[in-house]
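Peer 1: Here it is, the structure, as structure tokens.
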Amino acid sequence: MPVEPSNQSHNRRRLRLGMVGGGPGGFIGAVHRIAARLDDRYELVAAALSSNAERSLAAAKELHIPRAYGSFEEMAAAESKRPDGIDVVSIVTPNHLHYAPAKTFLEAGIHVICDKPLTTTLKDALDLAELVKRIGLVFGLTHNYTGHPMVRQAREMVAAGELGALRVVQVEYAQDWLATPLEKTGQKQAEWRTDPERSGPGGSLGDIGTHAFNLACFVTGLECEQVAADVTTFVPGRRLDDNVQMMLRFSNGVKGGLWASQVAPGNENNLRLRVYGDKAGLEWRQEDPNELSFTPLGQPRRAIRRGSAGTGHAAAHATRIPSGHPEGYLEAFAQLYSDLAEQITARLENRPPDPDSLLVPGVSDGVAGVRFINAALESSRHGSAWTALSGS
């Protein structure tokens with residue numbers, strides 16, 4: 001029997017959204033705007049889209065955003081004083097510009113949605129975590145792959161013990177778009193992602209390795225305790241890594257492996273997770289996101305399809321349309337926005353949020369991601385020595 005989609009909350013309150021960064025020409029800003037609109041839970045009413053005031057105002061006009069600001073500081077100050085000011089801000093800047101706006105808007109009493117990684121330094125990440133804890137606002141981190149219905153299905157199955165005691169977690173995220181020195185051509189996305197001043201200390205490690213790491217932890221519910229990493233820069237002249245291979249030690253004695261590469265020809269956006277327990281194994285691939293492969297020990301492989309028989313409550317919550325109609329990257333991104341809208345709306349209405357909305361990664365996941373980057377780099381500098389995340 002098909003599973004009835006139950007993605008949307010019955011409450012249709014629309015939140016006023018602001019945006020920092022994401023002007024025309026950028027990739028991720030447009031994705032965030034689509035994600036925010038998809039379930040009709042937000043209205044984008046204010047923005048500071050560029051660090052250049054003139055470009056910021058022009059970009060907001062081009063995108064028909066009513067209130068344009070020359071800087072995020074000006075925007076936070078003005079919006080926090082308006083009776084119709086924004087409820088939440090989305091920060092979609094390059095990595096080095098996450099911390100300052102996030103801190104500014106939190107201190108102004110405005111909820112925050114931030115692109116990953118959280119910050120470029122552990123000090124800043126811990127500072128934001130403490131601020132969120134003290135102020136008590138909603139803080140969402142857009143590890144968008146956690147919004148896929150079949151990723152949530154996998155998490156639910158692991159938690160229910162369907163795989164038995166976990167043994168092995170294998171995750172990889174391979175791309176080929178940086179197999180040549182694309183950054184030297186002036187390509188905007190390649191340029192900032194390979195610049196340590198803007199990207200932070202991790203290249204492929206921070207850009208896609210953090211997604212792989214977060215996905216493994218999200219699905220299994222495990223904490224990664226140690227890594228042994230080999231971080232490499234293959235393209236001559238590149239200032240940050242473009243390939244990383246590592247072993248992982250999780251809690252409960254579970255072993256793992258992670259490979260993240262942006263120099264692997266033939267791979268477009270090949271994010272793949274495999275989890276094995278003593279009773280069964282499962283596999284999920286981002287490039288075929290509507291199917292989850294599940295194999296009980298000694299039995300044939302089963303294909304569990306989004307929206308079809310075999311899926312549970314968590315997957316149904318993140319499903320919009322019936323089976324046979326593919327949902328993908330944008331819908332998964334929108335799921336995080338929808339769930340965060342429910343969390344914020346619940347606070348505005350002084351009621352408990354829908355429990356299904358609480359699966360969105362938050363500031364603590366962001367801290368874990370920064371610790372992961374630091375530990376991997378430290379391990380690689382010391383000959384792939386085992387390095388604890390807690391000390392990174």
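To be explicit about the labels: the chains of the structure tokens are called A, B, and onward in the order shown, and within each one the residues are counted from 1, while ligands get numbers from 1 in the order they are shown.
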With a cut-off of 9 Å, could you pull out the residues of segment 82-201 of chain A touching segment 52-75 of chain A and give me the nearest pair of atoms for each, distance in Å to one decimal, using only C-alpha atoms, ordered by chain and ascending number, as a Markdown table?
Peer 2:
```
| residue | atom | partner | partner_atom | distance |
| --- | --- | --- | --- | --- |
| A:Pro101 | CA | A:Phe72 | CA | 6.4 |
| A:Thr104 | CA | A:Glu73 | CA | 7.0 |
| A:Phe105 | CA | A:Glu73 | CA | 8.4 |
```
Peer 1: Go through A:Glu287, A:Asp241, A:Glu268, A:Glu342 and flag the residue nearest Gly328 of chain A, using only C-alpha atoms for the distances.
Peer 2: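 Ranked by minimum distance to Gly328 of chain A, first place goes to A:Glu287.
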Peer 1: If we count only C-alpha atoms, what is near Phe139 of chain A at a cut-off of 6 Å, once residues fewer than 2 positions away on the same chain are taken out, given as a list in words?
Peer 2: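 The filter keeps Val112, Ile113 and Gly362 of chain A.
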Peer 1: Kindly export the residues of the current selection with N, CA, C and O atoms, as a tab-separated table (two decimals), in the first residue's frame.
Peer 2:
```
chain	number	residue	atom	x	y	z
A	112	VAL	N	18.15	31.75	13.72
A	112	VAL	CA	19.17	31.66	12.67
A	112	VAL	C	19.12	30.31	11.96
A	112	VAL	O	19.02	29.26	12.60
A	113	ILE	N	19.20	30.37	10.63
A	113	ILE	CA	19.45	29.20	9.79
A	113	ILE	C	20.78	29.46	9.10
A	113	ILE	O	20.95	30.48	8.43
A	362	GLY	N	21.66	21.00	14.36
A	362	GLY	CA	21.73	22.29	15.04
A	362	GLY	C	23.14	22.70	15.36
A	362	GLY	O	24.11	22.18	14.80
```
Peer 1: Using atom CA of Gln189 of chain A and atom CA of Phe372 of chain A as the two end points, give the distance in Å to one decimal.
Peer 2: 23.0 Å
Peer 1: Calculated over only C-alpha atoms, which of the candidates A:Thr311, A:Leu248, A:Glu172, A:Leu215 has the smallest distance to Asn270 of chain A?
Peer 2: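 Checking each of A:Thr311, A:Leu248, A:Glu172, A:Leu215 against Asn270 of chain A, counting only C-alpha atoms, the winner is A:Glu172.
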Peer 1: May I ask for the distance between atom CA of Gly257 of chain A and atom CA of Pro181 of chain A, given in Å to one decimal place?
Peer 2: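 Straight-line distance from atom CA of Gly257 of chain A to atom CA of Pro181 of chain A works out to 27.5 Å.
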Peer 1: Write down as a VMD selection string the residues of segment 53-196 of chain A whose backbone DSSP state falls under strand (DSSP E).
Peer 2: chain A and resid 67 to 68 88 to 91 111 to 114 139 to 141 166 to 174
Peer 1: Would you mind reading off the distance between atom CA of Val254 of chain A and atom CA of Gly277 of chain A, one decimal, in Å?
Peer 2: 9.4 Å
Peer 1: Find the residues near Gly136 of chain A: any atom within 12 Å, counting only C-alpha atoms, skip ones fewer than 2 places away on the same chain, and give them as JSON, numbers by chain.
Peer 2: {"A": [106, 107, 109, 110, 111, 112, 128, 129, 130, 131, 132, 133, 134, 138, 139, 344, 347, 363]}
Peer 1: So which one's closest to Tyr173 of chain A, A:Asp207, A:Asp127, A:Asp354, A:Glu378? Using only C-alpha atoms, please.
Peer 2: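 Selected residue with least distance to Tyr173 of chain A: A:Asp207.
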